[in-house]
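Student: File coords-v3.cif follows (mmCIF, C-alpha atoms and all ligand atoms):
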data_coords
loop_
_atom_site.label_atom_id
_atom_site.label_comp_id
_atom_site.auth_asym_id
_atom_site.auth_seq_id
_atom_site.Cartn_x
_atom_site.Cartn_y
_atom_site.Cartn_z
CA MET A 1 174.85 129.84 87.94
CA ILE A 2 176.51 126.48 88.24
CA ARG A 3 177.32 127.03 91.88
CA LYS A 4 173.73 128.01 92.56
CA ALA A 5 172.47 124.87 90.83
CA VAL A 6 174.75 122.71 92.93
CA LEU A 7 173.66 124.48 96.10
CA THR A 8 170.02 124.10 95.11
CA SER A 9 170.29 120.37 94.61
CA LEU A 10 172.30 120.00 97.79
CA VAL A 11 169.69 121.90 99.72
CA ALA A 12 166.97 119.78 98.13
CA ALA A 13 168.85 116.58 98.92
CA LEU A 14 169.13 117.59 102.55
CA GLY A 15 165.47 118.46 102.64
CA PHE A 16 165.98 122.01 103.91
CA SER A 17 164.20 123.34 100.88
CA SER A 18 162.69 126.47 102.33
CA PHE A 19 166.12 127.63 103.56
CA GLY A 20 167.36 127.68 99.98
CA ALA A 21 164.95 130.38 98.88
CA SER A 22 165.63 134.09 99.00
CA ALA A 23 162.78 136.30 100.20
CA SER A 24 161.57 137.11 96.70
CA GLU A 25 162.11 133.72 95.09
CA GLN A 26 159.09 131.46 94.75
CA VAL A 27 159.68 127.78 95.40
CA LEU A 28 157.71 124.57 95.20
CA ASN A 29 158.63 121.45 97.13
CA VAL A 30 157.68 118.25 95.36
CA TYR A 31 157.93 114.86 97.03
CA SER A 32 157.96 112.33 94.22
CA ALA A 33 157.99 108.54 94.09
CA ARG A 34 158.41 108.75 90.34
CA HIS A 35 161.80 109.23 88.73
CA TYR A 36 162.33 109.18 84.98
CA GLN A 37 164.69 110.54 82.35
CA THR A 38 162.14 113.13 81.26
CA ASP A 39 161.95 114.68 84.75
CA ASP A 40 164.54 117.40 84.13
CA ALA A 41 162.55 118.70 81.16
CA LEU A 42 159.27 118.27 83.06
CA TYR A 43 160.34 120.35 86.07
CA GLY A 44 162.66 122.68 84.14
CA ASN A 45 159.88 123.84 81.85
CA PHE A 46 157.67 124.66 84.83
CA THR A 47 160.42 126.87 86.25
CA ALA A 48 160.99 128.47 82.85
CA GLN A 49 157.27 129.26 82.51
CA THR A 50 156.56 130.47 86.04
CA GLY A 51 159.86 131.43 87.63
CA ILE A 52 159.02 129.02 90.46
CA ARG A 53 162.00 126.91 91.48
CA VAL A 54 161.22 123.25 92.13
CA ASN A 55 162.90 121.31 94.93
CA ARG A 56 162.49 117.62 94.36
CA ILE A 57 162.70 115.02 97.07
CA GLU A 58 162.66 111.56 95.52
CA ALA A 59 162.21 108.38 97.51
CA ARG A 60 160.04 105.27 97.69
CA GLU A 61 156.34 106.01 98.08
CA ASP A 62 155.99 104.48 101.55
CA GLU A 63 159.02 106.41 102.82
CA LEU A 64 157.59 109.66 101.47
CA ILE A 65 154.17 109.05 103.03
CA GLU A 66 155.86 108.29 106.35
CA ARG A 67 158.03 111.36 106.06
CA ILE A 68 155.12 113.68 105.28
CA ARG A 69 153.23 112.27 108.23
CA ASN A 70 156.16 112.67 110.60
CA GLU A 71 156.83 116.22 109.42
CA GLY A 72 153.22 117.06 110.21
CA ALA A 73 152.30 120.75 110.19
CA ASN A 74 155.97 121.67 109.65
CA SER A 75 156.27 119.68 106.42
CA PRO A 76 157.81 121.68 103.58
CA ALA A 77 156.09 119.37 101.08
CA ASP A 78 153.67 121.07 98.70
CA VAL A 79 152.91 118.28 96.23
CA PHE A 80 153.10 114.49 96.53
CA ILE A 81 153.42 112.47 93.32
CA THR A 82 153.10 108.69 93.30
CA VAL A 83 151.72 105.77 91.34
CA ASP A 84 148.58 103.67 91.74
CA ALA A 85 145.17 104.79 93.01
CA SER A 86 145.55 102.62 96.11
CA ARG A 87 148.67 104.50 97.22
CA LEU A 88 147.15 107.91 96.47
CA ALA A 89 144.08 106.80 98.42
CA LYS A 90 146.26 105.70 101.33
CA ALA A 91 147.81 109.16 101.53
CA ASP A 92 144.33 110.64 101.28
CA GLU A 93 142.91 108.44 104.05
CA MET A 94 145.79 109.51 106.28
CA GLY A 95 144.56 113.07 105.79
CA LEU A 96 147.72 114.22 104.01
CA PHE A 97 145.99 115.94 101.07
CA ALA A 98 143.97 119.15 100.91
CA PRO A 99 141.05 119.46 98.48
CA VAL A 100 141.86 121.14 95.19
CA LYS A 101 139.38 122.93 92.98
CA SER A 102 140.58 124.10 89.59
CA ALA A 103 138.51 124.86 86.50
CA ALA A 104 141.61 124.21 84.37
CA LEU A 105 142.06 120.71 85.81
CA GLU A 106 138.36 119.94 85.49
CA ALA A 107 138.45 120.98 81.84
CA ARG A 108 141.53 118.89 81.02
CA ILE A 109 141.38 115.72 83.15
CA PRO A 110 138.44 113.32 82.61
CA ALA A 111 136.14 113.00 85.63
CA HIS A 112 136.91 109.31 86.28
CA LEU A 113 140.60 110.24 86.73
CA ARG A 114 139.99 112.90 89.37
CA THR A 115 138.99 112.94 93.03
CA ASP A 116 138.39 115.97 95.27
CA THR A 117 141.97 115.73 96.52
CA TRP A 118 144.24 113.86 94.09
CA ILE A 119 144.36 113.90 90.33
CA ALA A 120 145.71 111.45 87.77
CA PHE A 121 148.16 112.74 85.19
CA SER A 122 148.91 109.53 83.29
CA THR A 123 147.39 106.09 82.92
CA ARG A 124 148.66 102.54 82.64
CA ALA A 125 146.72 99.35 81.93
CA ARG A 126 146.84 96.03 83.78
CA VAL A 127 147.16 93.56 80.93
CA ILE A 128 147.41 89.84 80.28
CA VAL A 129 150.57 88.39 78.73
CA TYR A 130 150.61 84.77 77.58
CA ASN A 131 152.78 82.15 75.97
CA PRO A 132 151.08 81.04 72.73
CA THR A 133 152.74 77.62 72.88
CA MET A 134 151.04 76.95 76.24
CA VAL A 135 147.64 78.65 76.18
CA LYS A 136 145.32 79.80 73.42
CA ALA A 137 144.35 83.45 73.03
CA GLU A 138 140.65 82.56 73.50
CA GLN A 139 141.41 81.20 76.96
CA VAL A 140 142.80 84.45 78.33
CA GLN A 141 140.65 87.30 77.04
CA ASN A 142 139.32 88.43 80.44
CA TYR A 143 140.65 88.80 83.99
CA GLU A 144 137.89 86.40 85.01
CA ASP A 145 139.30 83.71 82.67
CA LEU A 146 142.46 83.44 84.78
CA ALA A 147 140.45 81.72 87.54
CA LYS A 148 139.02 79.00 85.28
CA PRO A 149 140.14 75.44 86.17
CA GLU A 150 141.40 74.86 82.61
CA LEU A 151 144.37 77.16 83.42
CA LYS A 152 145.51 75.09 86.40
CA GLY A 153 149.26 75.44 86.97
CA GLN A 154 149.60 78.17 84.35
CA VAL A 155 149.16 81.53 86.07
CA CYS A 156 151.91 83.83 87.41
CA THR A 157 151.47 87.16 89.19
CA ARG A 158 153.37 89.27 91.64
CA SER A 159 152.22 89.40 95.27
CA GLY A 160 148.52 89.80 95.99
CA SER A 161 149.35 92.43 98.57
CA HIS A 162 150.97 94.65 95.94
CA PRO A 163 148.94 97.81 95.14
CA TYR A 164 148.66 96.93 91.42
CA ASN A 165 146.85 93.68 92.20
CA LEU A 166 144.81 95.18 95.04
CA SER A 167 143.55 97.89 92.69
CA LEU A 168 142.63 95.27 90.10
CA GLY A 169 140.82 93.30 92.82
CA ALA A 170 139.03 96.48 93.89
CA ALA A 171 137.88 97.13 90.32
CA LEU A 172 136.56 93.55 90.12
CA ILE A 173 134.66 94.08 93.39
CA GLU A 174 133.09 97.24 91.97
CA HIS A 175 132.03 95.45 88.77
CA ASN A 176 131.32 91.88 89.83
CA GLY A 177 130.67 92.15 93.57
CA ALA A 178 132.65 90.90 96.57
CA ALA A 179 131.42 87.28 96.46
CA ALA A 180 132.34 86.81 92.79
CA THR A 181 135.71 88.45 93.40
CA GLU A 182 136.44 86.11 96.30
CA GLN A 183 135.65 83.13 94.06
CA TRP A 184 137.89 84.64 91.40
CA ALA A 185 140.77 85.11 93.84
CA SER A 186 140.46 81.50 95.04
CA GLY A 187 140.41 80.23 91.46
CA LEU A 188 143.41 82.36 90.57
CA VAL A 189 145.41 81.04 93.52
CA ALA A 190 144.45 77.47 92.59
CA ASN A 191 145.87 78.12 89.09
CA PHE A 192 149.26 79.42 90.18
CA ALA A 193 152.29 77.97 88.43
CA ARG A 194 154.40 79.13 91.40
CA SER A 195 153.82 81.20 94.51
CA PRO A 196 153.91 84.95 93.79
CA ARG A 197 157.34 86.51 93.71
CA GLY A 198 159.18 89.25 91.83
CA GLY A 199 157.81 92.23 89.94
CA ASP A 200 155.70 92.40 86.80
CA THR A 201 158.71 92.13 84.47
CA ASP A 202 159.70 88.89 86.22
CA GLN A 203 156.24 87.49 85.43
CA ILE A 204 156.58 88.45 81.76
CA ARG A 205 160.02 86.81 81.59
CA ALA A 206 158.64 83.68 83.25
CA VAL A 207 155.92 83.51 80.59
CA ALA A 208 158.55 83.80 77.85
CA ALA A 209 160.61 81.06 79.52
CA GLY A 210 157.58 78.75 79.70
CA GLU A 211 157.52 78.71 83.48
CA CYS A 212 153.98 80.08 83.31
CA GLY A 213 151.45 80.12 80.50
CA VAL A 214 149.92 83.45 81.42
CA ALA A 215 150.61 86.44 83.67
CA ILE A 216 149.20 89.81 84.68
CA ALA A 217 151.42 92.87 84.24
CA ASN A 218 151.24 96.63 83.86
CA SER A 219 151.39 97.77 80.26
CA TYR A 220 154.50 99.94 80.66
CA TYR A 221 156.63 96.95 81.66
CA TYR A 222 155.71 95.22 78.40
CA ALA A 223 156.18 98.46 76.43
CA ARG A 224 159.61 98.93 78.03
CA LEU A 225 160.67 95.47 76.82
CA MET A 226 159.24 96.23 73.36
CA ASN A 227 161.23 99.47 73.16
CA SER A 228 164.40 97.81 74.45
CA SER A 229 167.23 97.08 72.01
CA ARG A 230 168.65 94.28 74.18
CA PRO A 231 168.38 90.92 72.35
CA GLU A 232 167.19 89.14 75.51
CA ASP A 233 164.29 91.61 75.85
CA GLN A 234 163.38 91.20 72.19
CA GLN A 235 163.37 87.42 72.71
CA VAL A 236 160.88 87.87 75.56
CA ILE A 237 158.59 89.88 73.29
CA ALA A 238 158.94 87.33 70.48
CA ALA A 239 158.01 84.47 72.82
CA THR A 240 154.91 86.16 74.30
CA ALA A 241 151.62 87.67 73.20
CA PHE A 242 149.62 90.51 74.68
CA VAL A 243 145.90 90.85 75.48
CA TRP A 244 143.85 93.92 76.35
CA PRO A 245 141.53 92.23 78.86
CA ASN A 246 137.73 92.50 78.90
CA GLN A 247 137.33 94.25 75.56
CA GLN A 248 133.87 92.72 75.03
CA GLY A 249 132.61 94.04 78.34
CA LYS A 250 133.72 96.59 80.90
CA GLY A 251 137.09 97.33 79.28
CA THR A 252 140.64 96.95 80.51
CA HIS A 253 141.42 97.99 84.10
CA ILE A 254 143.62 101.05 84.15
CA ASN A 255 145.49 102.69 86.95
CA VAL A 256 147.25 105.99 87.26
CA SER A 257 150.20 108.10 88.25
CA GLY A 258 148.90 111.09 90.11
CA ALA A 259 149.47 113.93 92.49
CA GLY A 260 147.81 115.90 95.25
CA ILE A 261 148.48 119.07 97.18
CA LEU A 262 149.41 118.51 100.81
CA LYS A 263 147.35 119.85 103.66
CA HIS A 264 150.23 121.80 105.17
CA ALA A 265 151.69 122.97 101.83
CA PRO A 266 153.60 126.20 102.50
CA ASN A 267 153.36 127.19 98.82
CA ARG A 268 149.79 126.26 97.95
CA GLU A 269 149.39 128.77 95.14
CA ALA A 270 152.51 127.47 93.40
CA ALA A 271 151.25 123.92 93.96
CA VAL A 272 147.96 124.62 92.17
CA LYS A 273 149.93 126.18 89.30
CA PHE A 274 152.11 123.09 89.17
CA LEU A 275 149.17 120.67 88.95
CA GLU A 276 147.64 122.82 86.21
CA TYR A 277 151.00 122.77 84.44
CA LEU A 278 151.08 118.94 84.68
CA ALA A 279 147.83 118.92 82.68
CA SER A 280 149.34 121.05 79.89
CA ASP A 281 150.11 119.46 76.51
CA GLN A 282 153.88 119.57 76.89
CA ALA A 283 154.02 118.36 80.49
CA GLN A 284 151.57 115.57 79.73
CA VAL A 285 153.94 114.15 77.13
CA TYR A 286 156.95 114.26 79.47
CA PHE A 287 154.98 112.87 82.40
CA ALA A 288 153.45 109.96 80.46
CA ASP A 289 156.19 109.09 78.00
CA GLY A 290 158.86 108.96 80.70
CA ASN A 291 157.29 105.67 81.82
CA ASN A 292 155.62 104.46 78.60
CA GLU A 293 152.21 105.54 79.93
CA TRP A 294 149.30 107.39 78.32
CA PRO A 295 148.55 111.05 79.03
CA ALA A 296 145.47 111.57 81.21
CA VAL A 297 144.38 114.42 78.94
CA PRO A 298 142.66 112.60 76.05
CA THR A 299 143.69 115.05 73.31
CA VAL A 300 147.41 114.65 74.04
CA LYS A 301 149.26 111.92 72.16
CA VAL A 302 152.73 110.57 72.90
CA ASN A 303 155.01 109.39 70.14
CA ASN A 304 156.07 106.02 71.56
CA PRO A 305 156.83 103.10 69.20
CA ALA A 306 155.66 100.40 71.64
CA LEU A 307 152.41 102.15 72.53
CA ASP A 308 151.75 102.85 68.83
CA LYS A 309 152.25 99.18 68.11
CA LEU A 310 149.98 98.04 70.95
CA GLY A 311 147.28 100.35 69.60
CA GLU A 312 143.99 101.52 71.03
CA PHE A 313 141.82 99.67 73.52
CA LYS A 314 138.57 99.98 75.40
CA VAL A 315 139.29 101.52 78.82
CA ASP A 316 137.35 100.65 81.95
CA THR A 317 136.23 104.14 83.01
CA LEU A 318 135.36 103.19 86.60
CA GLU A 319 136.17 106.22 88.78
CA MET A 320 139.58 106.00 90.48
CA GLY A 321 137.91 107.05 93.73
CA ARG A 322 135.67 103.96 93.63
CA ILE A 323 138.63 101.68 92.97
CA ALA A 324 140.47 103.23 95.91
CA ARG A 325 137.43 102.76 98.16
CA SER A 326 137.33 99.00 97.57
CA VAL A 327 141.04 98.34 98.08
CA PRO A 328 140.71 97.42 101.79
CA GLU A 329 138.02 94.88 100.91
CA ALA A 330 140.21 93.50 98.12
CA GLN A 331 142.98 93.03 100.69
CA ARG A 332 140.67 91.08 103.02
CA ILE A 333 139.41 88.92 100.15
CA PHE A 334 142.93 88.19 98.89
CA ASP A 335 144.04 87.31 102.44
CA ARG A 336 141.18 84.81 102.82
CA ALA A 337 141.92 83.34 99.39
CA GLY A 338 145.60 82.91 100.27
CA TYR A 339 146.66 85.37 97.57
CA ARG A 340 149.70 86.75 99.35
FE FE B 401 155.50 99.74 88.39
#
Rewrite the structure from the file as structure tokens, please.
Tutor:
Amino acid sequence: MIRKAVLTSLVAALGFSSFGASASEQVLNVYSARHYQTDDALYGNFTAQTGIRVNRIEAREDELIERIRNEGANSPADVFITVDASRLAKADEMGLFAPVKSAALEARIPAHLRTDTWIAFSTRARVIVYNPTMVKAEQVQNYEDLAKPELKGQVCTRSGSHPYNLSLGAALIEHNGAAATEQWASGLVANFARSPRGGDTDQIRAVAAGECGVAIANSYYYARLMNSSRPEDQQVIAATAFVWPNQQGKGTHINVSGAGILKHAPNREAAVKFLEYLASDQAQVYFADGNNEWPAVPTVKVNNPALDKLGEFKVDTLEMGRIARSVPEAQRIFDRAGYR
């Protein structure tokens, strides 16, 4: 058994997944840009339930997209898992996904979190984090507030070309229109405390350090710091405050982790089973909690101290497909505004 497990992972690591299967054994090849501690339980339970062995290929999302494209019709990949609607949409636009129709998925996953090809299995929110010694809570209740001149020199974000910000920009285009979003982007850039650099956690740390008064970050980065036992992380939480943006209006922009079945999937039937499994109660908890996210299936709850503490919020239920559609325009607008 042990030898077989070693061989299986070796075969998976080399990417010759289909060679590792005996004639009768069912396999599923998953290309995943997500990697968390809960993955072994997530995939192991699928195998236990279905007898289908899962080969995982894990790499950065852009590498995986490139790989699937290069492999073309010979690709062994059945399922592609990644984060952010803009990345899922990119794979979709490249024609990598095949449509999926499943009554089970339609019953479990809310409509705004599904497209004809890819489906969201967990959600994260793009939130505002501020330093209460530098800005007042009333000043930073909405994404739109971050472009107001009164916050000059206070705002930090990661790069404007990063998918998280492009998806937020796309959601603003869908709600407020392109012209208003361009004004917003210009105002935001004019308010920067420093030119964009680093990831979301770096922005949160910079807020705690007083380098910026306010920042935009994905919720799971803040939750990760909240759940951390490291004193320096606890200091960051103590020095910052958290806002669910746009609660009086459209709700807070959310994004997703999701998956789709690939056009040339050699094991399509197993792939459909796998997506349906990802929508099950148990898999939802592993999939979401592994990254301090929320399950896409509304009836499933994770037991996560940070998320419990942050509480409930009004979600912007704009369809993920519409967000994805406006990402290219968000990129053009951000380029013109100098949000790089
Ligand atoms: Fe992230």
Student: Wanna dump the segment 134-203 of chain A-segment 251-268 of chain A contacts at 9 Å for me, each residue with its shortest atom pair and the distance in Å to one decimal, counting all atoms listed in the file, ordered by chain and number, as CSV?
Tutor:
residue,atom,partner,partner_atom,distance
A:Asn142,CA,A:Thr252,CA,8.6
A:Tyr143,CA,A:Thr252,CA,8.9
A:Tyr164,CA,A:Asn255,CA,8.0
A:Ser167,CA,A:Asn255,CA,7.7
A:Leu168,CA,A:His253,CA,6.7
A:Ala171,CA,A:His253,CA,7.2
A:Leu172,CA,A:His253,CA,8.9
Student: For Phe242 of chain A, which residue out of A:Arg114, A:Lys90, A:Arg108, A:Arg126 is the nearest one, using all atoms listed in the file?
Tutor: A:Arg126
Student: Distance atom CA of Ala104 of chain A-atom CA of Lys301 of chain A, one decimal place?
Tutor: 18.9 Å
Student: Considering only C-alpha atoms and all ligand atoms, tabulate each residue of chain A that lies at most 12 Å from ligand FE 401 (chain B) along with its nearest interatomic pair and the corresponding distance in Å to one decimal; arrange the rows by chain and ascending residue number and present them as a Markdown table.
Tutor:
| residue | atom | partner | partner_atom | distance |
| --- | --- | --- | --- | --- |
| A:Ala33 | CA | B:FE401 | FE | 10.8 |
| A:Arg34 | CA | B:FE401 | FE | 9.7 |
| A:His35 | CA | B:FE401 | FE | 11.4 |
| A:Arg60 | CA | B:FE401 | FE | 11.7 |
| A:Glu61 | CA | B:FE401 | FE | 11.6 |
| A:Thr82 | CA | B:FE401 | FE | 10.5 |
| A:Val83 | CA | B:FE401 | FE | 7.7 |
| A:Asp84 | CA | B:FE401 | FE | 8.6 |
| A:Thr123 | CA | B:FE401 | FE | 11.7 |
| A:Arg124 | CA | B:FE401 | FE | 9.4 |
| A:Ala125 | CA | B:FE401 | FE | 10.9 |
| A:Arg126 | CA | B:FE401 | FE | 10.5 |
| A:Arg158 | CA | B:FE401 | FE | 11.2 |
| A:His162 | CA | B:FE401 | FE | 10.2 |
| A:Pro163 | CA | B:FE401 | FE | 9.6 |
| A:Tyr164 | CA | B:FE401 | FE | 8.0 |
| A:Asn165 | CA | B:FE401 | FE | 11.2 |
| A:Gly198 | CA | B:FE401 | FE | 11.6 |
| A:Gly199 | CA | B:FE401 | FE | 8.0 |
| A:Asp200 | CA | B:FE401 | FE | 7.5 |
| A:Thr201 | CA | B:FE401 | FE | 9.1 |
| A:Asp202 | CA | B:FE401 | FE | 11.8 |
| A:Ala217 | CA | B:FE401 | FE | 9.0 |
| A:Asn218 | CA | B:FE401 | FE | 7.0 |
| A:Ser219 | CA | B:FE401 | FE | 9.3 |
| A:Tyr220 | CA | B:FE401 | FE | 7.8 |
| A:Tyr221 | CA | B:FE401 | FE | 7.4 |
| A:Tyr222 | CA | B:FE401 | FE | 11.0 |
| A:Arg224 | CA | B:FE401 | FE | 11.2 |
| A:Asn255 | CA | B:FE401 | FE | 10.5 |
| A:Val256 | CA | B:FE401 | FE | 10.4 |
| A:Ser257 | CA | B:FE401 | FE | 9.9 |
| A:Asn291 | CA | B:FE401 | FE | 9.0 |
| A:Asn292 | CA | B:FE401 | FE | 10.9 |
| A:Glu293 | CA | B:FE401 | FE | 10.8 |
Student: Calculate how many Å separate atom CA of Arg67 of chain A from atom CA of Val30 of chain A, rounding to one decimal.
Tutor: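 Value for the atom CA of Arg67 of chain A-atom CA of Val30 of chain A distance: 12.7 Å.
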Student: Grab the atom CA of Ala85 of chain A to atom CA of Ala324 of chain A distance for me, in Å with one decimal place.
Tutor: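 These two atoms are separated by 5.7 Å.
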Student: Using all atoms listed in the file, find the one residue out of A:Asn29, A:Ser24, A:Asn246, A:Asn304 that sits nearest to Gly290 of chain A.
Tutor: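 So, comparing all the options, the nearest one is A:Asn304.
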Student: Could you tell me which of A:Asn131, A:Asp289, A:Leu225, A:Leu96 comes closest to Ser75 of chain A if we count all atoms listed in the file?
Tutor: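 Going through A:Asn131, A:Asp289, A:Leu225, A:Leu96 one by one, the smallest distance to Ser75 of chain A is for A:Leu96.
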Student: Can you build me a table of segment 213-329 of chain A residues sitting at most 8 Å from segment 173-179 of chain A, with the closest atom pair per residue and its distance in Å to one decimal, using only C-alpha atoms, sorted by chain and residue number, as a Markdown table?
Tutor:
| residue | atom | partner | partner_atom | distance |
| --- | --- | --- | --- | --- |
| A:Arg322 | CA | A:Glu174 | CA | 7.4 |
| A:Ile323 | CA | A:Glu174 | CA | 7.2 |
| A:Ser326 | CA | A:Ile173 | CA | 7.0 |
| A:Glu329 | CA | A:Ala178 | CA | 8.0 |
Student: Keeping C-alpha atoms, export the residues of the selection given above as a PDB file, in the coordinates of the input.
Tutor:
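Output (again.pdb):
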ATOM      1  CA  ARG A 322     135.670 103.960  93.630  1.00  0.00           C
ATOM      2  CA  ILE A 323     138.630 101.680  92.970  1.00  0.00           C
ATOM      3  CA  SER A 326     137.330  99.000  97.570  1.00  0.00           C
ATOM      4  CA  GLU A 329     138.020  94.880 100.910  1.00  0.00           C
TER       5      GLU A 329
END
Student: Could you check which of A:Ala306, A:Ala107, A:Thr317, A:Arg340 is closest to Arg197 of chain A, using all atoms listed in the file?
Tutor: A:Arg340
Student: I'd like the neighbourhood of Leu146 of chain A as a ChimeraX atom specification, where a residue qualifies if any of its atoms comes within 10 Å (using all atoms listed in the file), though same-chain residues fewer than 5 positions away should be ignored.
Tutor: /A:128,139-141,151-152,154-156,184-185,187-189,191-192,214-216
Student: Which one is closest to Gln37 of chain A: A:Cys212, A:Ala288, A:Ile57, A:Met94? Count all atoms listed in the file.
Tutor: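 Closest residue, counting all atoms listed in the file: A:Ala288.
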Student: Go through A:Val79, A:Ala89, A:Val54, A:Val100 one by one, measure the shortest atom-to-atom distance of each to Met320 of chain A using all atoms listed in the file, and give the residue with the smallest value.
Tutor: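 Ranking A:Val79, A:Ala89, A:Val54, A:Val100 by distance to Met320 of chain A, first place goes to A:Ala89.
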